[in-house]
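Participant: Please find one structure pasted underneath; my questions will follow.
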Amino acid sequence: MNYSLKELMDYNTQIEEIAQRIGLDYYEQEFEVISFEDMICYEAYVGMPSHYPHWSYGKNYERIKTLYQYNLTGLPYEMVINSDPCIAYLMKDNSLVLQILTMAHVYGHNDFFKNNRLFKEYTRANLTIDMFKNHANRIREYIQDPSIGYEEVERILDAAHSIKYHCGAFCQLTTNFEEKIEYPYENLLEFLWREGELNEWQKDILLIVMEESRYFTPQIETKIMNEGWASFWHYHIVNELGLSSGMQIEFLKHHNNVICSVPGRLNPYFIGFQIWEDLYEKYDHSFKELARIRSVERDASFIRNYLTYDLANTANLFEFEEEERYYVITEVSNEDGWRQVRNTLANNVGVGSIPNIIVEDMQRGDHTLILRHIYDGRELQLSYATETLKHIQALWGGKVILKTYLTGFERKVICSEDKKVLIENN
Amino acid sequence: MAIFKEFQPNSRDRSVEDRRRHKELVEKSIKENIGSIISEESIIGQTKNKKIKIPIKGVKEYYFRYGKNQQNIGAGTGKEEKGKRVAKGDESGQNQGAGNAEGEDIYETEITIDEAIHYLFEDLDLPYLEQKKFKEIESEASSKKWGIQQKGIPPRLSKKHTMMAKIKREKCLQRAAHELGLEVTNERIPFHEDDLKYFRRKIKMQRDSNAVVICIMDTSGSMGHTKKYLARSFYFLLYQFLKVKYINVEIVFIAHTTTAKEVTEDDFFHRGESGGTYISSGYQKALDVIAEKYPPDSWNIYAFHCSDGDNWGEDNEQAVVLANELCDVCNLFGYGEIKISTYTSTIMNKYMEEVKKTNFSAVRIFKKEDVWKAFMDMLKIEKRTSEDGGA
């Protein structure tokens with residue numbers, strides 16, 4: 001560390017002054033200085049200081065470490081948790097300038113967590129850390145229970161993880177179980193929790209996985225907005241700090257790396273930053289207007305409402321499809337095509353990237369669960385769907401049928417009780 | 001005001017257990033797939049550290065995801081045109097690593113051939129390896145200083161002993177002068193040739209175990225590409241197995257039609273020849289090679305013959321005789337019949353009846369999956385004969 005904690009704290013004081021003057025409204029902030037190994041670890045465990053064990057996090061760890069070792073990716077400068085107080089990590093080997101950038105960036109996220117509608121309605125920041133700790137304790141308890149054990153817990157977690165995002169993220173959870181089930185039922189995890197052939201601890205694991213996914217869904221839904229917002233404010237805050245010219249140049253270098261456009265990809269920092277900049281000019285530097293937008297929108301609506309022709313055209317956004325050996329460019333952001341590009345993007349972001357699978361019916365007679373994939377022109381990857389159905393079958397106990405479209409035709413993918421999968425025309 | 005938590009140097013790595021479990025699942029998956037993967041490899045010539053890719057099924061995390069027919073959005077450079085195709089992996093193309101592919105979970109692990117072999121043989125029960133006393137030969141392995149001598153090469157010059165010799169001679173000279181009543185001069189006395197002393201080296205003999213694999217293959221017209229591929233898989237396993245067992249493993253390729261010759265690996269597997277089949281020619285060649293280069297008292301010899309069994313009738317008798325002879329000089333002689341159909345050839349039947357040696361093994365291979373099984377069958381024979389040998 002070529003700087004002292006005191007220096008960090010001094011810069012933080014200045015950053016907070018500017019942030020408050022701007023009007024950012026954030027939870028109390030906690031910064032923890034950590035090593036790069038710790039950073040990999042936090043990243044692997046979705047940022048949480050405590051998280052239940054599962055091999056998939058070990059796999060995450062190895063992947064992150066490998067990518068990092070081969071210089072395929074840098075470690076994130078920042079890792080922020082939606083909690084109150086808001087926890088963020090600072091990697092100790094980063095330069096002072098990078099820490100300043102990170103701290104300023106973190107206040108942007110912190111403000112976003114505290115004020116965006118999705119976070120306010122669907123997460124409880126003050127309980128975050130306790131919730132994850134509690135989940136970890138429950139899972140460990142089941143692992144240590146001699147009548148259950150590691151492998152059984154793993155089996156249920158494997159299955160539950162396969163459908164973790166089918167957690168009815170923006171639906172109310174059922175409170176009255178006497179009520180008749182109404183179809184279609186959108187929350188697959190909750191449905192299996194209610195109706196699956198599971199005992200209490202197994203149901204509890206489903207509940208744990210569901211709660212965790214519901215906690216993370218607002219972050220998935222606002223990735224572009226949130227990263228754009230944080231990048232936009234770190235840019236303005238650090239520019240106001242009056243850094244020495246050497247530090248200022250280093251800052252701009254890092255900043256440009258964060259928000260640069262990566263050809264062929266869509267860097268959420270890039271597109272988010274561009275839109276917020278545009279809005280800042282459009283609303284005459286009015287924080288109130290920007291704050292209103294960050295409170296009520298999510299990525300899909302943010303893009304639909306505020307990605308303009310100029311932005312799409314300047315960023316050269318284009319739409320493409322993947323074929324066996326080629327990518328085919330299907331639309332570009334010229335005057336005729338940009339709306340389609342924008343709409344496709346709006347449809348793809350956030351939970352739009354996750355297929356919508358609902359429970360259509362349940363036949364008690366032959367113990368069959370009928371699922372439907374709400375088809376919007378995008379088809380499921382069949383081999384993944386097949387394996388996922390086997391996981392669902394394990395939780396459900398009986399036969400599982402998935403209605404979907406394959407190569408343009410409506411089909412049923414059927415997973416029998418002995419996990420044999422076959423496809424039938426509807 | 002923000003709270004700062006200072007760096008705690010001794011933080012615990014809580015991912016250890018999950019990483020261990022992940023690794024365990026990876027290994028399990030590798031073991032399940034290894035038989036089919038390993039047979040793709042070239043027998044020799046590959047370096048130990050060559051990486052092979054193994055698709056891992058067990059540790060993929062499945063979930064509902066979209067297939068390829070969805071539209072993605074990317075940022076471009078402005079050169080994109082509607083309807084244009086960009087080849088994947090094309091450096092100049094802008095579309096590498098398509099936009100929303102971040103959920104992509106192509107999970108392939110890379111392991112070295114050595115690791116793969118380790119996994120492969122790890123589960124085999126091979127206790128007899130240590131019990132059996134193999135044929136060993138002695139070879140010069142290393143040496144150490146062992147006294148001094150008058151003659152030697154400059155690097156082995158012992159400065160200490162040379163100096164001692166010179167001082168000795170100097171003192172002698174002074175004493176002689178004194179006794180003769182001559183005046184003792186302080187003149188410098190140069191080194192003399194005889195002063196130079198050299199270290200002697202003692203050569204340490206090391207016991208070595210050597211094995212040679214003699215791959216004999218029928219390369220006649222009837223042995224098509226698929227059959228050769230199966231044979232190759234089998235030889236690969238055999239070679240790798242012997243490499244675990246022995247320190248030096250050599251490999252000889254003998255290709256035969258009606259005549260036989262020793263060839264390179266490449267020719268062995270890739271050069272097809274037309275013509276008929278005299279199996280005995282291959283065996284005779286093998287016996288010649290053994291007699292010439294690999295005396296059985298210092299080499300463990302493993303001969304294996306792959307053929308589709310379409311031997312010319314008049315050669316059958318001779319083939320059986322020579323097969324018996326090979327059994328006598330080899331640790332193991334195997335015959336692998338590679339067929340697409342299930343009928344058993346005359347020669348196979350003949351071998352079964354007339355080669356009554358404990359170290360003879362005949363296996364049949366129909367498809368890729370049989371290779372591993374055939375190899376295991378053969379190992380049983382090896383195990384039996386090894387135990388006999390050890391007793």
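Residue names in the structure tokens use chain letters A, B, ... in the order shown, residue numbers from 1 in each chain, and ligand numbers from 1 in the order shown.
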So which residues of region 201-378 of chain B fall under helix (DSSP H, G or I) by DSSP, listed as an mmCIF file with N, CA and C atoms, in the first residue's frame?

Facilitator:
data_model
loop_
_atom_site.group_PDB
_atom_site.id
_atom_site.type_symbol
_atom_site.label_atom_id
_atom_site.label_comp_id
_atom_site.auth_asym_id
_atom_site.auth_seq_id
_atom_site.Cartn_x
_atom_site.Cartn_y
_atom_site.Cartn_z
ATOM 1 N N HIS B 225 -9.869 -47.521 -42.087
ATOM 2 C CA HIS B 225 -9.483 -46.439 -41.184
ATOM 3 C C HIS B 225 -10.005 -46.662 -39.763
ATOM 4 N N THR B 226 -11.270 -47.057 -39.658
ATOM 5 C CA THR B 226 -11.887 -47.249 -38.343
ATOM 6 C C THR B 226 -11.176 -48.324 -37.552
ATOM 7 N N LYS B 227 -10.867 -49.410 -38.240
ATOM 8 C CA LYS B 227 -10.197 -50.517 -37.558
ATOM 9 C C LYS B 227 -8.828 -50.092 -37.051
ATOM 10 N N LYS B 228 -8.132 -49.338 -37.873
ATOM 11 C CA LYS B 228 -6.810 -48.872 -37.449
ATOM 12 C C LYS B 228 -6.928 -47.937 -36.255
ATOM 13 N N TYR B 229 -7.976 -47.156 -36.268
ATOM 14 C CA TYR B 229 -8.192 -46.216 -35.178
ATOM 15 C C TYR B 229 -8.383 -46.966 -33.862
ATOM 16 N N LEU B 230 -9.151 -48.050 -33.935
ATOM 17 C CA LEU B 230 -9.379 -48.859 -32.737
ATOM 18 C C LEU B 230 -8.075 -49.500 -32.263
ATOM 19 N N ALA B 231 -7.297 -49.984 -33.230
ATOM 20 C CA ALA B 231 -6.023 -50.597 -32.886
ATOM 21 C C ALA B 231 -5.124 -49.576 -32.205
ATOM 22 N N ARG B 232 -5.134 -48.391 -32.762
ATOM 23 C CA ARG B 232 -4.293 -47.332 -32.225
ATOM 24 C C ARG B 232 -4.663 -47.001 -30.779
ATOM 25 N N SER B 233 -5.975 -46.936 -30.509
ATOM 26 C CA SER B 233 -6.441 -46.667 -29.159
ATOM 27 C C SER B 233 -5.904 -47.722 -28.201
ATOM 28 N N PHE B 234 -5.971 -48.941 -28.677
ATOM 29 C CA PHE B 234 -5.528 -50.031 -27.826
ATOM 30 C C PHE B 234 -4.029 -49.927 -27.543
ATOM 31 N N TYR B 235 -3.252 -49.685 -28.586
ATOM 32 C CA TYR B 235 -1.799 -49.566 -28.411
ATOM 33 C C TYR B 235 -1.449 -48.410 -27.490
ATOM 34 N N PHE B 236 -2.227 -47.354 -27.606
ATOM 35 C CA PHE B 236 -1.968 -46.200 -26.768
ATOM 36 C C PHE B 236 -2.082 -46.573 -25.290
ATOM 37 N N LEU B 237 -3.166 -47.252 -24.976
ATOM 38 C CA LEU B 237 -3.374 -47.655 -23.578
ATOM 39 C C LEU B 237 -2.249 -48.573 -23.101
ATOM 40 N N LEU B 238 -1.902 -49.511 -23.958
ATOM 41 C CA LEU B 238 -0.865 -50.475 -23.601
ATOM 42 C C LEU B 238 0.460 -49.753 -23.325
ATOM 43 N N TYR B 239 0.780 -48.848 -24.216
ATOM 44 C CA TYR B 239 2.024 -48.095 -24.088
ATOM 45 C C TYR B 239 2.046 -47.273 -22.806
ATOM 46 N N GLN B 240 0.928 -46.591 -22.558
ATOM 47 C CA GLN B 240 0.853 -45.757 -21.352
ATOM 48 C C GLN B 240 0.937 -46.610 -20.098
ATOM 49 N N PHE B 241 0.297 -47.732 -20.150
ATOM 50 C CA PHE B 241 0.301 -48.619 -18.995
ATOM 51 C C PHE B 241 1.720 -49.097 -18.690
ATOM 52 N N LEU B 242 2.428 -49.481 -19.733
ATOM 53 C CA LEU B 242 3.781 -49.972 -19.524
ATOM 54 C C LEU B 242 4.708 -48.851 -19.070
ATOM 55 N N LYS B 243 4.403 -47.656 -19.502
ATOM 56 C CA LYS B 243 5.226 -46.528 -19.072
ATOM 57 C C LYS B 243 5.115 -46.291 -17.573
ATOM 58 N N VAL B 244 3.949 -46.612 -17.027
ATOM 59 C CA VAL B 244 3.785 -46.487 -15.588
ATOM 60 C C VAL B 244 4.607 -47.570 -14.892
ATOM 61 N N LYS B 245 4.630 -48.746 -15.501
ATOM 62 C CA LYS B 245 5.261 -49.897 -14.866
ATOM 63 C C LYS B 245 6.777 -49.905 -14.981
ATOM 64 N N GLU B 265 5.729 -44.787 -36.618
ATOM 65 C CA GLU B 265 4.359 -44.725 -36.106
ATOM 66 C C GLU B 265 3.403 -44.176 -37.153
ATOM 67 N N ASP B 266 3.859 -43.139 -37.798
ATOM 68 C CA ASP B 266 3.016 -42.479 -38.771
ATOM 69 C C ASP B 266 2.619 -43.431 -39.906
ATOM 70 N N ASP B 267 3.616 -44.103 -40.432
ATOM 71 C CA ASP B 267 3.337 -45.063 -41.502
ATOM 72 C C ASP B 267 2.429 -46.184 -41.001
ATOM 73 N N PHE B 268 2.707 -46.577 -39.800
ATOM 74 C CA PHE B 268 1.971 -47.682 -39.213
ATOM 75 C C PHE B 268 0.467 -47.438 -39.244
ATOM 76 N N PHE B 269 0.096 -46.214 -38.852
ATOM 77 C CA PHE B 269 -1.332 -45.941 -38.746
ATOM 78 C C PHE B 269 -1.942 -45.341 -40.000
ATOM 79 N N HIS B 270 -1.124 -44.751 -40.803
ATOM 80 C CA HIS B 270 -1.733 -44.007 -41.904
ATOM 81 C C HIS B 270 -1.520 -44.594 -43.288
ATOM 82 N N ILE B 279 -0.346 -63.575 -41.636
ATOM 83 C CA ILE B 279 -0.095 -63.140 -40.266
ATOM 84 C C ILE B 279 1.287 -63.583 -39.806
ATOM 85 N N SER B 280 1.665 -64.770 -40.242
ATOM 86 C CA SER B 280 2.937 -65.331 -39.779
ATOM 87 C C SER B 280 4.112 -64.420 -40.134
ATOM 88 N N SER B 281 3.992 -63.676 -41.230
ATOM 89 C CA SER B 281 5.099 -62.797 -41.618
ATOM 90 C C SER B 281 5.368 -61.763 -40.535
ATOM 91 N N GLY B 282 4.280 -61.227 -39.973
ATOM 92 C CA GLY B 282 4.422 -60.247 -38.897
ATOM 93 C C GLY B 282 5.085 -60.856 -37.681
ATOM 94 N N TYR B 283 4.674 -62.070 -37.357
ATOM 95 C CA TYR B 283 5.225 -62.729 -36.174
ATOM 96 C C TYR B 283 6.707 -63.033 -36.359
ATOM 97 N N GLN B 284 7.023 -63.485 -37.596
ATOM 98 C CA GLN B 284 8.428 -63.812 -37.864
ATOM 99 C C GLN B 284 9.297 -62.566 -37.709
ATOM 100 N N LYS B 285 8.764 -61.454 -38.221
ATOM 101 C CA LYS B 285 9.499 -60.185 -38.118
ATOM 102 C C LYS B 285 9.691 -59.819 -36.646
ATOM 103 N N ALA B 286 8.621 -59.986 -35.873
ATOM 104 C CA ALA B 286 8.696 -59.669 -34.445
ATOM 105 C C ALA B 286 9.774 -60.517 -33.773
ATOM 106 N N LEU B 287 9.789 -61.792 -34.099
ATOM 107 C CA LEU B 287 10.799 -62.683 -33.510
ATOM 108 C C LEU B 287 12.205 -62.244 -33.916
ATOM 109 N N ASP B 288 12.317 -61.820 -35.160
ATOM 110 C CA ASP B 288 13.629 -61.333 -35.633
ATOM 111 C C ASP B 288 14.070 -60.100 -34.858
ATOM 112 N N VAL B 289 13.137 -59.165 -34.695
ATOM 113 C CA VAL B 289 13.459 -57.916 -33.985
ATOM 114 C C VAL B 289 13.871 -58.221 -32.552
ATOM 115 N N ILE B 290 13.139 -59.136 -31.934
ATOM 116 C CA ILE B 290 13.463 -59.514 -30.551
ATOM 117 C C ILE B 290 14.867 -60.114 -30.491
ATOM 118 N N ALA B 291 15.137 -61.014 -31.397
ATOM 119 C CA ALA B 291 16.436 -61.684 -31.400
ATOM 120 C C ALA B 291 17.558 -60.669 -31.613
ATOM 121 N N GLU B 292 17.265 -59.697 -32.443
ATOM 122 C CA GLU B 292 18.298 -58.749 -32.809
ATOM 123 C C GLU B 292 18.539 -57.679 -31.734
ATOM 124 N N LYS B 293 17.440 -57.103 -31.219
ATOM 125 C CA LYS B 293 17.600 -55.928 -30.357
ATOM 126 C C LYS B 293 17.147 -56.093 -28.917
ATOM 127 N N GLY B 313 -5.820 -68.761 -45.638
ATOM 128 C CA GLY B 313 -5.935 -70.098 -45.058
ATOM 129 C C GLY B 313 -4.633 -70.861 -44.925
ATOM 130 N N GLU B 314 -3.811 -70.817 -45.980
ATOM 131 C CA GLU B 314 -2.612 -71.647 -45.959
ATOM 132 C C GLU B 314 -1.590 -71.180 -44.916
ATOM 133 N N ASP B 315 -1.816 -70.001 -44.381
ATOM 134 C CA ASP B 315 -0.847 -69.456 -43.433
ATOM 135 C C ASP B 315 -1.210 -69.782 -41.988
ATOM 136 N N ASN B 316 -2.437 -70.262 -41.760
ATOM 137 C CA ASN B 316 -2.917 -70.430 -40.392
ATOM 138 C C ASN B 316 -2.005 -71.284 -39.515
ATOM 139 N N GLU B 317 -1.570 -72.435 -40.071
ATOM 140 C CA GLU B 317 -0.729 -73.347 -39.288
ATOM 141 C C GLU B 317 0.527 -72.648 -38.793
ATOM 142 N N GLN B 318 1.185 -72.004 -39.759
ATOM 143 C CA GLN B 318 2.432 -71.314 -39.467
ATOM 144 C C GLN B 318 2.214 -70.223 -38.409
ATOM 145 N N ALA B 319 1.097 -69.494 -38.535
ATOM 146 C CA ALA B 319 0.791 -68.410 -37.594
ATOM 147 C C ALA B 319 0.678 -68.951 -36.174
ATOM 148 N N VAL B 320 0.013 -70.089 -36.027
ATOM 149 C CA VAL B 320 -0.156 -70.676 -34.697
ATOM 150 C C VAL B 320 1.196 -71.077 -34.108
ATOM 151 N N VAL B 321 2.036 -71.652 -34.936
ATOM 152 C CA VAL B 321 3.361 -72.066 -34.463
ATOM 153 C C VAL B 321 4.150 -70.864 -33.947
ATOM 154 N N LEU B 322 4.149 -69.810 -34.774
ATOM 155 C CA LEU B 322 4.924 -68.628 -34.392
ATOM 156 C C LEU B 322 4.296 -67.903 -33.197
ATOM 157 N N ALA B 323 2.969 -67.945 -33.095
ATOM 158 C CA ALA B 323 2.306 -67.342 -31.946
ATOM 159 C C ALA B 323 2.780 -68.024 -30.673
ATOM 160 N N ASN B 324 2.883 -69.334 -30.725
ATOM 161 C CA ASN B 324 3.399 -70.075 -29.575
ATOM 162 C C ASN B 324 4.835 -69.681 -29.245
ATOM 163 N N GLU B 325 5.603 -69.498 -30.305
ATOM 164 C CA GLU B 325 6.993 -69.102 -30.098
ATOM 165 C C GLU B 325 7.085 -67.727 -29.447
ATOM 166 N N LEU B 326 6.220 -66.822 -29.931
ATOM 167 C CA LEU B 326 6.212 -65.482 -29.350
ATOM 168 C C LEU B 326 5.839 -65.525 -27.873
ATOM 169 N N CYS B 327 4.881 -66.372 -27.546
ATOM 170 C CA CYS B 327 4.485 -66.511 -26.149
ATOM 171 C C CYS B 327 5.674 -66.901 -25.280
ATOM 172 N N ASP B 328 6.558 -67.702 -25.854
ATOM 173 C CA ASP B 328 7.700 -68.165 -25.077
ATOM 174 C C ASP B 328 8.695 -67.053 -24.753
ATOM 175 N N VAL B 329 8.815 -66.091 -25.637
ATOM 176 C CA VAL B 329 9.794 -65.031 -25.389
ATOM 177 C C VAL B 329 9.190 -63.768 -24.774
ATOM 178 N N THR B 346 -11.562 -67.819 -38.411
ATOM 179 C CA THR B 346 -10.905 -69.108 -38.243
ATOM 180 C C THR B 346 -9.667 -68.985 -37.370
ATOM 181 N N ILE B 347 -8.901 -67.934 -37.642
ATOM 182 C CA ILE B 347 -7.637 -67.817 -36.944
ATOM 183 C C ILE B 347 -7.860 -67.596 -35.457
ATOM 184 N N MET B 348 -8.890 -66.828 -35.141
ATOM 185 C CA MET B 348 -9.232 -66.584 -33.741
ATOM 186 C C MET B 348 -9.578 -67.907 -33.054
ATOM 187 N N ASN B 349 -10.430 -68.677 -33.715
ATOM 188 C CA ASN B 349 -10.802 -69.984 -33.160
ATOM 189 C C ASN B 349 -9.590 -70.877 -32.970
ATOM 190 N N LYS B 350 -8.720 -70.825 -33.966
ATOM 191 C CA LYS B 350 -7.516 -71.641 -33.924
ATOM 192 C C LYS B 350 -6.630 -71.246 -32.742
ATOM 193 N N TYR B 351 -6.509 -69.936 -32.562
ATOM 194 C CA TYR B 351 -5.698 -69.435 -31.444
ATOM 195 C C TYR B 351 -6.269 -69.923 -30.122
ATOM 196 N N MET B 352 -7.588 -69.802 -30.041
ATOM 197 C CA MET B 352 -8.244 -70.201 -28.798
ATOM 198 C C MET B 352 -7.949 -71.654 -28.461
ATOM 199 N N GLU B 353 -7.918 -72.456 -29.500
ATOM 200 C CA GLU B 353 -7.723 -73.883 -29.252
ATOM 201 C C GLU B 353 -6.259 -74.269 -29.135
ATOM 202 N N GLU B 354 -5.433 -73.637 -29.965
ATOM 203 C CA GLU B 354 -4.085 -74.183 -30.108
ATOM 204 C C GLU B 354 -2.984 -73.384 -29.416
ATOM 205 N N LYS B 368 -15.521 -48.486 -30.311
ATOM 206 C CA LYS B 368 -14.645 -47.687 -29.472
ATOM 207 C C LYS B 368 -14.746 -48.057 -27.987
ATOM 208 N N GLU B 369 -15.979 -48.282 -27.535
ATOM 209 C CA GLU B 369 -16.173 -48.541 -26.115
ATOM 210 C C GLU B 369 -15.524 -49.851 -25.675
ATOM 211 N N ASP B 370 -15.303 -50.748 -26.662
ATOM 212 C CA ASP B 370 -14.720 -52.043 -26.307
ATOM 213 C C ASP B 370 -13.242 -51.958 -25.990
ATOM 214 N N VAL B 371 -12.611 -50.891 -26.446
ATOM 215 C CA VAL B 371 -11.164 -50.810 -26.306
ATOM 216 C C VAL B 371 -10.745 -50.921 -24.849
ATOM 217 N N TRP B 372 -11.408 -50.152 -24.033
ATOM 218 C CA TRP B 372 -11.075 -50.135 -22.620
ATOM 219 C C TRP B 372 -11.329 -51.500 -21.981
ATOM 220 N N LYS B 373 -12.436 -52.105 -22.388
ATOM 221 C CA LYS B 373 -12.800 -53.409 -21.836
ATOM 222 C C LYS B 373 -11.764 -54.458 -22.254
ATOM 223 N N ALA B 374 -11.404 -54.411 -23.532
ATOM 224 C CA ALA B 374 -10.417 -55.359 -24.033
ATOM 225 C C ALA B 374 -9.095 -55.188 -23.298
ATOM 226 N N PHE B 375 -8.770 -53.946 -23.055
ATOM 227 C CA PHE B 375 -7.537 -53.656 -22.349
ATOM 228 C C PHE B 375 -7.566 -54.236 -20.933
ATOM 229 N N MET B 376 -8.717 -54.091 -20.289
ATOM 230 C CA MET B 376 -8.867 -54.629 -18.937
ATOM 231 C C MET B 376 -8.754 -56.149 -18.949
ATOM 232 N N ASP B 377 -9.360 -56.767 -19.958
ATOM 233 C CA ASP B 377 -9.272 -58.224 -20.087
ATOM 234 C C ASP B 377 -7.817 -58.655 -20.181
ATOM 235 N N MET B 378 -7.091 -57.901 -20.978
ATOM 236 C CA MET B 378 -5.708 -58.248 -21.187
ATOM 237 C C MET B 378 -4.897 -58.076 -19.905
#

Participant: Give the residues of chain B that lie within 8 Å of chain A; count only C-alpha atoms, and format the answer as number ranges by chain.

Facilitator: B: 1-9, 11, 13-22, 61-78, 80-88, 94-100

Participant: Compile the contact shell of His305 (chain B) as an MDAnalysis selection string: residues with an atom at most 7 Å away, counting only C-alpha atoms, same-chain residues fewer than 5 positions apart removed.

Facilitator: chainID B and resid 215:217 334:336

Participant: Can you spit out the residues from that selection as a PDB file, in the first residue's frame, using C-alpha atoms?

Facilitator:
ATOM      1  CA  CYS B 215       2.872 -53.456 -32.128  1.00  0.00           C
ATOM      2  CA  ILE B 216       2.094 -55.743 -34.970  1.00  0.00           C
ATOM      3  CA  MET B 217      -0.684 -54.762 -37.280  1.00  0.00           C
ATOM      4  CA  GLY B 334      -1.966 -60.583 -27.265  1.00  0.00           C
ATOM      5  CA  TYR B 335      -4.156 -60.856 -30.277  1.00  0.00           C
ATOM      6  CA  GLY B 336      -6.861 -58.312 -30.846  1.00  0.00           C
TER       7      GLY B 336
END

Participant: Counting only C-alpha atoms, what is within 9 Å of Glu289 (chain A), bar same-chain residues fewer than 4 positions away, as a list in words?

Facilitator: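 The neighbour list is Leu279, Tyr280, Tyr283, His285, Ile293 and Arg294 of chain A.
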
Participant: Using only N, CA and C atoms, please write the residues we just selected to a file, as a PDB file, in the first residue's frame.

Facilitator:
ATOM      1  N   LEU A 279     -29.086  12.508 -20.273  1.00  0.00           N
ATOM      2  CA  LEU A 279     -30.199  13.012 -19.471  1.00  0.00           C
ATOM      3  C   LEU A 279     -29.779  14.240 -18.674  1.00  0.00           C
ATOM      4  N   TYR A 280     -28.545  14.225 -18.220  1.00  0.00           N
ATOM      5  CA  TYR A 280     -28.012  15.346 -17.427  1.00  0.00           C
ATOM      6  C   TYR A 280     -28.068  16.634 -18.243  1.00  0.00           C
ATOM      7  N   TYR A 283     -31.892  17.574 -18.988  1.00  0.00           N
ATOM      8  CA  TYR A 283     -32.627  18.186 -17.875  1.00  0.00           C
ATOM      9  C   TYR A 283     -31.840  19.314 -17.224  1.00  0.00           C
ATOM     10  N   HIS A 285     -28.876  19.785 -16.015  1.00  0.00           N
ATOM     11  CA  HIS A 285     -28.122  19.498 -14.787  1.00  0.00           C
ATOM     12  C   HIS A 285     -28.990  19.439 -13.544  1.00  0.00           C
ATOM     13  N   ILE A 293     -35.782   9.661 -12.125  1.00  0.00           N
ATOM     14  CA  ILE A 293     -35.635   8.545 -13.069  1.00  0.00           C
ATOM     15  C   ILE A 293     -34.979   7.338 -12.387  1.00  0.00           C
ATOM     16  N   ARG A 294     -33.895   7.586 -11.614  1.00  0.00           N
ATOM     17  CA  ARG A 294     -33.231   6.456 -10.953  1.00  0.00           C
ATOM     18  C   ARG A 294     -34.148   5.785  -9.928  1.00  0.00           C
TER      19      ARG A 294
END

Participant: Applying 8 Å and only C-alpha atoms, which residues near His254 (chain A) remain after dropping the ones on its own chain fewer than 4 positions away? List them as a PDB file with C-alpha atoms, in the first residue's frame.

Facilitator:
ATOM      1  CA  LEU A  98      -8.196   3.862  -8.104  1.00  0.00           C
ATOM      2  CA  GLU A 250      -4.445   8.480 -13.972  1.00  0.00           C
ATOM      3  CA  VAL A 258     -14.467   1.473 -17.063  1.00  0.00           C
TER       4      VAL A 258
END

Participant: For a test of reading the model, state the distance in Å between CA of Ile18 (chain A) and CA of Tyr3 (chain A), rounded to one decimal.

Facilitator: 22.0 Å

Participant: Within 7 Å of region 220-227 of chain A, counting only C-alpha atoms, which residues qualify if same-chain residues fewer than 6 places away don't, as a ChimeraX atom specification?

Facilitator: /A:109,112,268-269,271-272,298-299,350-351

Participant: Next, the residues of the selection above should be written as a compact mmCIF listing (two decimals), in the first residue's frame with C-alpha atoms.

Facilitator:
# COMPACT_ATOMS: atom_id res chain seq x y z
CA HIS A 109 -24.46 2.50 -5.99
CA PHE A 112 -29.19 3.70 -6.03
CA PRO A 268 -23.34 -1.82 -19.20
CA TYR A 269 -21.06 0.89 -17.76
CA ILE A 271 -24.28 2.44 -22.28
CA GLY A 272 -25.50 3.45 -18.82
CA ARG A 298 -35.53 -0.44 -14.41
CA ASP A 299 -33.19 -1.31 -17.32
CA GLY A 350 -32.38 -7.95 -16.88
CA VAL A 351 -34.84 -10.76 -16.34

Participant: Interatomic distance between CA of Gln340 (chain A) and CA of Tyr375 (chain A)?

Facilitator: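 Rounded to one decimal, the two atoms are 18.9 Å apart.
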